[in-house]
$ cat run_38.txt   # compact mmCIF, C-alpha atoms
# COMPACT_ATOMS: atom_id res chain seq x y z
CA MET A 932 -15.19 0.83 -7.77
CA GLU A 933 -16.10 4.50 -7.53
CA GLU A 934 -13.63 7.08 -8.80
CA GLU A 935 -13.56 8.80 -5.42
CA LYS A 936 -12.40 5.63 -3.69
CA ARG A 937 -9.52 5.26 -6.13
CA ASN A 938 -8.35 8.84 -5.71
CA THR A 939 -8.69 9.46 -1.96
CA LEU A 940 -7.27 6.47 -0.16
CA THR A 941 -6.75 6.45 3.55
CA LEU A 942 -3.62 4.62 4.65
CA PRO A 943 -5.42 1.89 6.63
CA GLY A 944 -7.70 1.01 3.72
CA ALA A 945 -5.22 1.33 0.88
CA ILE A 946 -4.06 -2.29 0.78
CA ILE A 947 -7.60 -3.69 0.77
CA ILE A 948 -8.86 -1.30 -1.90
CA ALA A 949 -5.82 -1.64 -4.13
CA GLY A 950 -5.86 -5.41 -3.81
CA THR A 951 -9.49 -5.50 -4.90
CA LEU A 952 -8.79 -3.25 -7.86
CA ILE A 953 -5.92 -5.41 -9.05
CA ALA A 954 -7.82 -8.65 -8.63
CA VAL A 955 -10.67 -7.53 -10.85
CA THR A 956 -8.64 -5.74 -13.52
CA VAL A 957 -5.55 -7.81 -14.30
CA LEU A 958 -5.68 -11.03 -16.24
CA ILE A 959 -5.24 -14.20 -14.22
CA LYS A 960 -3.86 -16.05 -17.24
CA TRP A 961 -0.60 -14.34 -18.09
CA THR A 962 1.17 -15.09 -21.36
CA PRO A 963 4.46 -13.25 -21.83
CA ALA A 964 5.82 -12.14 -25.16
CA ARG A 965 8.45 -14.70 -25.99
CA GLU A 966 12.02 -14.14 -27.00
CA GLN A 967 14.78 -16.74 -27.21
CA SER A 968 16.94 -16.72 -24.11
CA SER A 969 20.69 -17.34 -24.34
CA VAL A 970 20.86 -18.65 -20.78
CA GLN A 971 21.13 -22.42 -20.50
CA VAL A 972 18.65 -23.59 -17.90
CA PRO A 973 19.04 -27.07 -16.36
CA ALA A 974 16.44 -29.54 -17.62
CA LYS A 975 15.53 -30.65 -14.10
CA GLN A 976 14.44 -27.83 -11.83
CA VAL A 977 13.77 -27.63 -8.11
CA VAL A 978 10.17 -26.75 -7.31
CA VAL A 979 9.93 -23.12 -6.19
CA VAL A 980 6.94 -21.72 -4.31
CA VAL A 981 5.58 -18.23 -3.64
CA VAL A 982 5.69 -17.41 0.06
CA ASP A 983 2.76 -15.41 1.46
CA GLY A 984 1.56 -14.54 -2.03
CA GLY A 985 -1.62 -13.04 -3.40
CA HIS A 986 -1.46 -9.68 -1.63
CA ILE A 987 -0.09 -7.49 -4.41
CA LEU A 988 -1.22 -9.54 -7.42
CA PRO A 989 -3.61 -12.51 -7.48
CA LEU A 990 -1.85 -15.67 -6.31
CA LYS A 991 -2.50 -17.51 -9.60
CA THR A 992 -0.88 -14.67 -11.49
CA GLU A 993 2.15 -14.74 -9.20
CA GLN A 994 2.48 -18.49 -9.60
CA SER A 995 2.36 -18.10 -13.38
CA LEU A 996 5.01 -15.38 -13.24
CA LEU A 997 7.17 -17.57 -11.02
CA ALA A 998 6.95 -20.54 -13.39
CA GLN A 999 8.08 -18.39 -16.32
CA LEU A 1000 10.91 -16.74 -14.38
CA GLN A 1001 12.19 -20.10 -13.19
CA LYS A 1002 11.97 -21.54 -16.70
CA ASP A 1003 14.07 -18.69 -18.04
CA GLY A 1004 16.71 -19.02 -15.34
CA LEU A 1005 15.90 -15.88 -13.35
CA ILE A 1006 15.40 -18.06 -10.30
CA ASP A 1007 17.58 -21.05 -9.50
CA GLY A 1008 15.49 -23.21 -7.17
CA SER A 1009 18.58 -24.59 -5.47
CA LYS A 1010 19.47 -21.04 -4.42
CA LEU A 1011 15.98 -19.69 -3.73
CA PRO A 1012 13.29 -22.37 -3.21
CA GLN A 1013 10.87 -19.91 -1.58
CA VAL A 1014 10.09 -16.61 -3.31
CA THR A 1015 8.43 -13.60 -1.68
CA GLU A 1016 6.26 -11.21 -3.67
CA LEU A 1017 9.05 -8.65 -3.39
CA ASN A 1018 11.60 -11.07 -4.85
CA LEU A 1019 9.19 -12.16 -7.58
CA LEU A 1020 8.56 -8.62 -8.79
CA TRP A 1021 12.23 -7.76 -8.39
CA ALA A 1022 13.22 -10.55 -10.77
CA PHE A 1023 10.46 -9.59 -13.19
CA GLY A 1024 11.49 -5.92 -13.23
CA LEU A 1025 15.16 -6.83 -13.66
CA ALA A 1026 14.55 -9.16 -16.60
CA ASN A 1027 11.83 -7.43 -18.60
CA LYS A 1028 13.05 -5.41 -21.57
CA ASN A 1029 12.21 -1.76 -21.07
CA ASN A 1030 13.50 1.63 -22.08
CA ILE A 1031 13.94 2.64 -18.44
CA LEU A 1032 16.62 -0.02 -18.00
CA GLU A 1033 18.18 0.63 -21.39
CA ASN A 1034 18.38 4.41 -21.33
CA GLY A 1035 17.48 5.52 -17.80
CA PRO A 1036 19.85 6.44 -14.94
CA VAL A 1037 20.36 2.82 -13.91
CA ALA A 1038 22.35 2.36 -17.14
CA ASP A 1039 24.33 5.58 -16.70
CA LEU A 1040 27.98 4.79 -15.97
CA ARG A 1041 28.23 7.98 -13.91
CA TYR A 1042 26.45 6.06 -11.17
CA GLY A 1043 28.77 3.07 -11.31
CA GLY A 1044 26.96 0.87 -13.81
CA PRO A 1045 24.15 -1.64 -13.25
CA MET A 1046 26.25 -4.42 -11.74
CA ASN A 1047 27.34 -2.08 -8.94
CA MET A 1048 23.73 -1.61 -7.87
CA ALA A 1049 21.88 -3.76 -5.35
CA SER A 1050 18.98 -4.21 -7.77
CA VAL A 1051 21.20 -5.89 -10.38
CA GLY A 1052 24.40 -7.18 -8.82
CA GLY A 1053 22.46 -8.15 -5.71
CA TRP A 1054 20.25 -10.61 -7.60
CA THR A 1055 22.48 -13.58 -6.76
CA VAL A 1056 19.95 -16.37 -7.28
CA ALA A 1057 19.78 -16.58 -11.08
CA VAL A 1058 21.28 -19.15 -13.43
CA GLY A 1059 24.39 -17.37 -14.60
CA SER A 1060 25.14 -13.71 -13.97
CA PRO A 1061 22.45 -11.08 -13.35
CA ALA A 1062 23.86 -9.33 -16.43
CA ASP A 1063 22.76 -12.35 -18.50
CA HIS A 1064 19.15 -11.52 -17.64
CA MET A 1065 18.91 -7.76 -17.15
CA ASP A 1066 16.71 -6.22 -19.84
CA LYS A 1067 16.91 -9.46 -21.85
CA HIS A 1068 13.43 -11.03 -21.65
CA ALA A 1069 10.43 -9.63 -23.56
CA TYR A 1070 7.77 -10.40 -20.99
CA VAL A 1071 5.66 -7.29 -21.55
CA ASN A 1072 5.60 -5.37 -24.82
CA LEU A 1073 4.11 -2.00 -23.93
CA THR A 1074 2.50 0.39 -26.36
CA ALA A 1075 3.96 3.89 -26.59
CA GLU A 1076 1.10 5.16 -24.43
CA GLN A 1077 1.61 2.45 -21.80
CA GLN A 1078 5.37 3.08 -21.71
CA ALA A 1079 4.79 6.80 -21.23
CA LEU A 1080 2.44 6.02 -18.35
CA VAL A 1081 5.00 3.74 -16.67
CA GLU A 1082 7.69 6.40 -17.00
CA LYS A 1083 5.40 9.13 -15.66
CA ILE A 1084 4.31 7.14 -12.61
CA SER A 1085 7.77 5.71 -11.92
CA LYS A 1086 9.19 9.22 -11.61
CA GLY A 1087 6.66 10.01 -8.87
CA ILE A 1088 7.11 6.93 -6.66
CA TYR A 1089 9.72 7.01 -3.91
CA ARG A 1090 10.75 4.49 -1.27
CA PRO A 1091 11.85 5.06 2.34
CA CYS A 1092 15.14 3.20 1.89
CA CYS A 1093 16.72 5.80 -0.43
CA ASN A 1094 16.14 9.06 -2.27
CA ASN A 1095 15.69 7.78 -5.80
CA SER A 1096 12.39 7.38 -7.58
CA THR A 1097 11.33 4.13 -9.22
CA TYR A 1098 12.63 5.58 -12.50
CA PHE A 1099 16.07 4.93 -10.98
CA PRO A 1100 15.56 1.39 -9.64
CA ASP A 1101 18.93 0.93 -7.98
CA CYS A 1102 17.66 -1.24 -5.11
CA ASN A 1103 15.39 -4.26 -4.90
CA HIS A 1104 12.33 -2.25 -3.89
CA GLY A 1105 12.74 0.10 -6.83
CA MET A 1106 13.21 -2.71 -9.33
CA ALA A 1107 10.24 -4.61 -7.92
CA MET A 1108 8.06 -1.51 -8.19
CA LEU A 1109 9.17 -1.02 -11.79
CA GLY A 1110 8.20 -4.61 -12.54
CA LEU A 1111 4.79 -4.10 -10.95
CA LEU A 1112 4.12 -0.96 -13.01
CA GLU A 1113 5.16 -2.67 -16.24
CA TYR A 1114 2.99 -5.67 -15.54
CA LEU A 1115 -0.08 -3.60 -14.69
CA ALA A 1116 0.36 -1.30 -17.67
CA GLY A 1117 0.59 -4.32 -19.94
CA GLN A 1118 -2.68 -5.60 -18.53
CA GLY A 1119 -4.45 -2.34 -19.31
CA ALA A 1120 -4.65 -0.96 -15.77
CA THR A 1121 -5.62 2.70 -15.47
CA GLU A 1122 -3.34 5.34 -13.99
CA ASP A 1123 -5.45 5.50 -10.82
CA GLN A 1124 -5.25 1.73 -10.39
CA MET A 1125 -1.48 1.77 -10.86
CA TRP A 1126 -1.02 4.47 -8.23
CA SER A 1127 -3.24 2.54 -5.81
CA ALA A 1128 -1.32 -0.68 -6.44
CA ALA A 1129 1.98 1.09 -5.92
CA LEU A 1130 0.84 2.41 -2.53
CA SER A 1131 -0.33 -1.06 -1.57
CA ALA A 1132 3.07 -2.51 -2.49
CA ASN A 1133 5.07 0.15 -0.64
CA MET A 1134 2.93 -0.32 2.46
CA ALA A 1135 3.54 -4.07 2.31
CA TRP A 1136 7.30 -3.61 1.91
CA PHE A 1137 7.70 -0.79 4.46
CA PRO A 1138 4.92 -1.35 7.03
CA ASP A 1139 6.66 0.47 9.88
CA ALA A 1140 7.27 3.52 7.73
CA TYR A 1141 3.66 3.90 6.70
CA GLN A 1142 2.43 3.37 10.24
CA THR A 1143 4.70 6.23 11.23
CA ILE A 1144 3.39 8.36 8.35
CA ALA A 1145 -0.19 7.64 9.42
CA GLN A 1146 0.66 8.68 12.99
CA TYR A 1147 2.34 11.84 11.71
CA MET A 1148 -0.78 12.77 9.73
CA LYS A 1149 -2.90 12.25 12.82
CA GLN A 1150 -0.60 14.46 14.90
CA GLN A 1151 -0.71 17.18 12.25
CA GLY A 1152 -4.49 16.98 11.91
CA ILE A 1153 -4.20 15.85 8.30
CA ASP A 1154 -7.21 13.96 6.97
CA GLY A 1155 -5.86 10.96 5.06
CA LYS A 1156 -9.04 10.83 3.00
CA ASN A 1157 -7.97 14.02 1.29
CA ILE A 1158 -4.49 12.83 0.35
CA SER A 1159 -3.99 10.89 -2.88
CA PRO A 1160 -1.55 8.00 -3.38
CA GLN A 1161 0.47 10.34 -5.62
CA VAL A 1162 1.16 12.65 -2.68
CA ILE A 1163 1.91 9.88 -0.18
CA LEU A 1164 4.28 8.13 -2.61
CA GLY A 1165 6.04 11.40 -3.43
CA ALA A 1166 9.38 12.57 -2.05
CA GLU A 1167 7.81 14.57 0.79
CA TYR A 1168 6.48 11.44 2.50
CA SER A 1169 8.08 8.36 0.97
CA SER A 1170 11.70 9.22 0.12
CA ALA A 1171 14.40 8.44 2.68
CA SER A 1172 14.96 12.12 3.42
CA GLY A 1173 11.26 12.95 3.51
CA PHE A 1174 10.44 10.04 5.77
CA SER A 1175 13.38 10.86 8.04
CA LYS A 1176 11.91 14.31 8.72
CA ILE A 1177 8.52 12.76 9.46
CA SER A 1178 9.98 10.02 11.66
CA ALA A 1179 11.86 12.58 13.73
CA GLN A 1180 8.53 14.10 14.70
CA VAL A 1181 7.02 10.77 15.77
CA PRO A 1182 9.59 9.55 18.35
CA GLN A 1183 7.26 7.06 19.99
CA GLN A 1184 6.98 5.02 16.82
CA LYS A 1185 9.32 2.14 16.09
CA LYS A 1186 11.93 3.23 13.60
CA GLN A 1187 11.37 1.96 10.09
CA SER A 1188 13.44 -0.82 8.63
CA SER A 1189 13.28 -1.95 5.01
CA GLY A 1190 14.71 -5.38 5.75
CA GLY A 1191 17.69 -4.64 3.51
CA CYS A 1192 18.16 -4.47 -0.22
CA GLY A 1193 19.46 -8.03 -0.67
CA VAL A 1194 17.60 -11.14 -1.72
CA ASP A 1195 16.49 -13.31 1.21
CA SER A 1196 18.25 -16.42 0.00
CA GLY A 1197 20.79 -17.27 2.64
CA VAL A 1198 23.56 -15.59 0.63
CA PRO A 1199 26.16 -14.10 2.99
CA ALA A 1200 25.90 -10.34 3.16
CA SER A 1201 29.55 -10.08 2.12
CA ASP A 1202 28.69 -11.64 -1.23
CA VAL A 1203 26.09 -9.01 -2.11
CA PRO A 1204 27.44 -5.88 -3.86
CA LYS A 1205 27.08 -2.70 -1.82
CA GLN A 1206 26.40 0.79 -3.12
CA PRO A 1207 28.15 3.89 -1.77
CA SER A 1208 24.73 5.55 -1.51
CA CYS A 1209 21.12 5.16 -2.57
CA GLY A 1210 20.94 8.78 -3.63
CA VAL A 1211 21.78 10.24 -7.02
$ encode --input "run_38.txt" --output "structure tokens"
Amino acid sequence: MEEEKRNTLTLPGAIIIAGTLIAVTVLIKWTPAREQSSVQVPAKQVVVVVVDGGHILPLKTEQSLLAQLQKDGLIDGSKLPQVTELNLLWAFGLANKNNILENGPVADLRYGGPMNMASVGGWTVAVGSPADHMDKHAYVNLTAEQQALVEKISKGIYRPCCNNSTYFPDCNHGMAMLGLLEYLAGQGATEDQMWSAALSANMAWFPDAYQTIAQYMKQQGIDGKNISPQVILGAEYSSASGFSKISAQVPQQKKQSSGGCGVDSGVPASDVPKQPSCGV
């Protein structure tokens, strides 16, 4: 794929291009670094399937990830027999040991502690408590260079449901994005490929928002070919406050909805911890 195509994505073509990049660069056979888990997983497990998979990562990769997550008790099949790509990456990001979870703002008690956040306390479909799994499984052991890349990119990716970057993954979308970045970095993806994949994921998770952004660009005479994924994923376009300003100027568009920050498992909304705010 030519360098120019990786750096100057138009919104309509971003998902196709990013999907192609991921498919040819990541390994289909995924073998996680193993570490003994203290969670007791039932010997007999319900079969869990990926729903509408293969858009963000290759389907075989997602199925392999799912099998490992279920084996380790991240997903209880009796609670969540069908897993979306968002849920799959959410669980992966929650469980994988990483410095961002250990020492980043999500661990800072000034913000209420991890269990008070939708990305942690809201993961209600594991065997045991979410705290039994958070930052406990060594799925991806990143080099110092790969970790630095994940931290750099995560600080530049925002989501339309709140004002925090992926470096503060306090909701499901943020934790899923962190998991995606960690996985790609561990597979040797380049920085350009990771930015492209992140845009593809955000567009899949917030389709209405990015349709509105595309319409806004058209109204403003902005050529999408000249805007990089880094700019689109930044606070100006993709944070809740940035998108709100854009949306206000495109009244004919349907207002964006993230579909909530809870797992789609049939768990009553009252059972999912709520945060006072998504902003720091």
$ closest_residue --input "run_38.txt" --among "A:Val979, A:Ile1158, A:Ile1031, A:Leu1025" --to "Ile1006 (chain A)" --atoms "all atoms listed in the file"
A:Val979
$ atom_distance --input "run_38.txt" --atom1 "CA of Tyr1098 (chain A)" --atom2 "CA of Ser1085 (chain A)"
4.9 Å
$ atom_distance --input "run_38.txt" --atom1 "CA of Glu1016 (chain A)" --atom2 "CA of Gln994 (chain A)"
10.1 Å
$ residues_around --input "run_38.txt" --residues "region 1088-1094 of chain A" --least-positions-apart "3" --cutoff "6 Å" --atoms "all atoms listed in the file" --output "number ranges by chain"
A: 1085, 1097, 1164-1166, 1169-1171, 1209-1210
$ closest_residue --input "run_38.txt" --among "A:Leu1080, A:Ile1153, A:Ala1069, A:Ile1163" --to "Gln1124 (chain A)" --atoms "all atoms listed in the file"
A:Leu1080
$ closest_residue --input "run_38.txt" --among "A:Ala1038, A:Ile987, A:Gln1077, A:Ser1159" --to "Ala1062 (chain A)" --atoms "all atoms listed in the file"
A:Ala1038
$ atom_distance --input "run_38.txt" --atom1 "CA of Ala1049 (chain A)" --atom2 "CA of Gly1105 (chain A)"
10.0 Å
$ closest_residue --input "run_38.txt" --among "A:Val977, A:Leu1115, A:Ala1057, A:Leu1073" --to "Thr992 (chain A)" --atoms "only C-alpha atoms"
A:Leu1115
$ residues_around --input "run_38.txt" --residues "Glu1113 (chain A)" --least-positions-apart "3" --cutoff "8 Å" --atoms "all atoms listed in the file" --output "number ranges by chain"
A: 1024, 1071, 1073, 1078, 1081, 1109-1110, 1116-1117
$ closest_residue --input "run_38.txt" --among "A:Asp1003, A:Glu1076, A:Asp1154, A:Asp1066" --to "Glu1033 (chain A)" --atoms "all atoms listed in the file"
A:Asp1066
$ closest_residue --input "run_38.txt" --among "A:Ala1075, A:Val982, A:Tyr1114, A:Glu1082" --to "Phe1023 (chain A)" --atoms "all atoms listed in the file"
A:Tyr1114
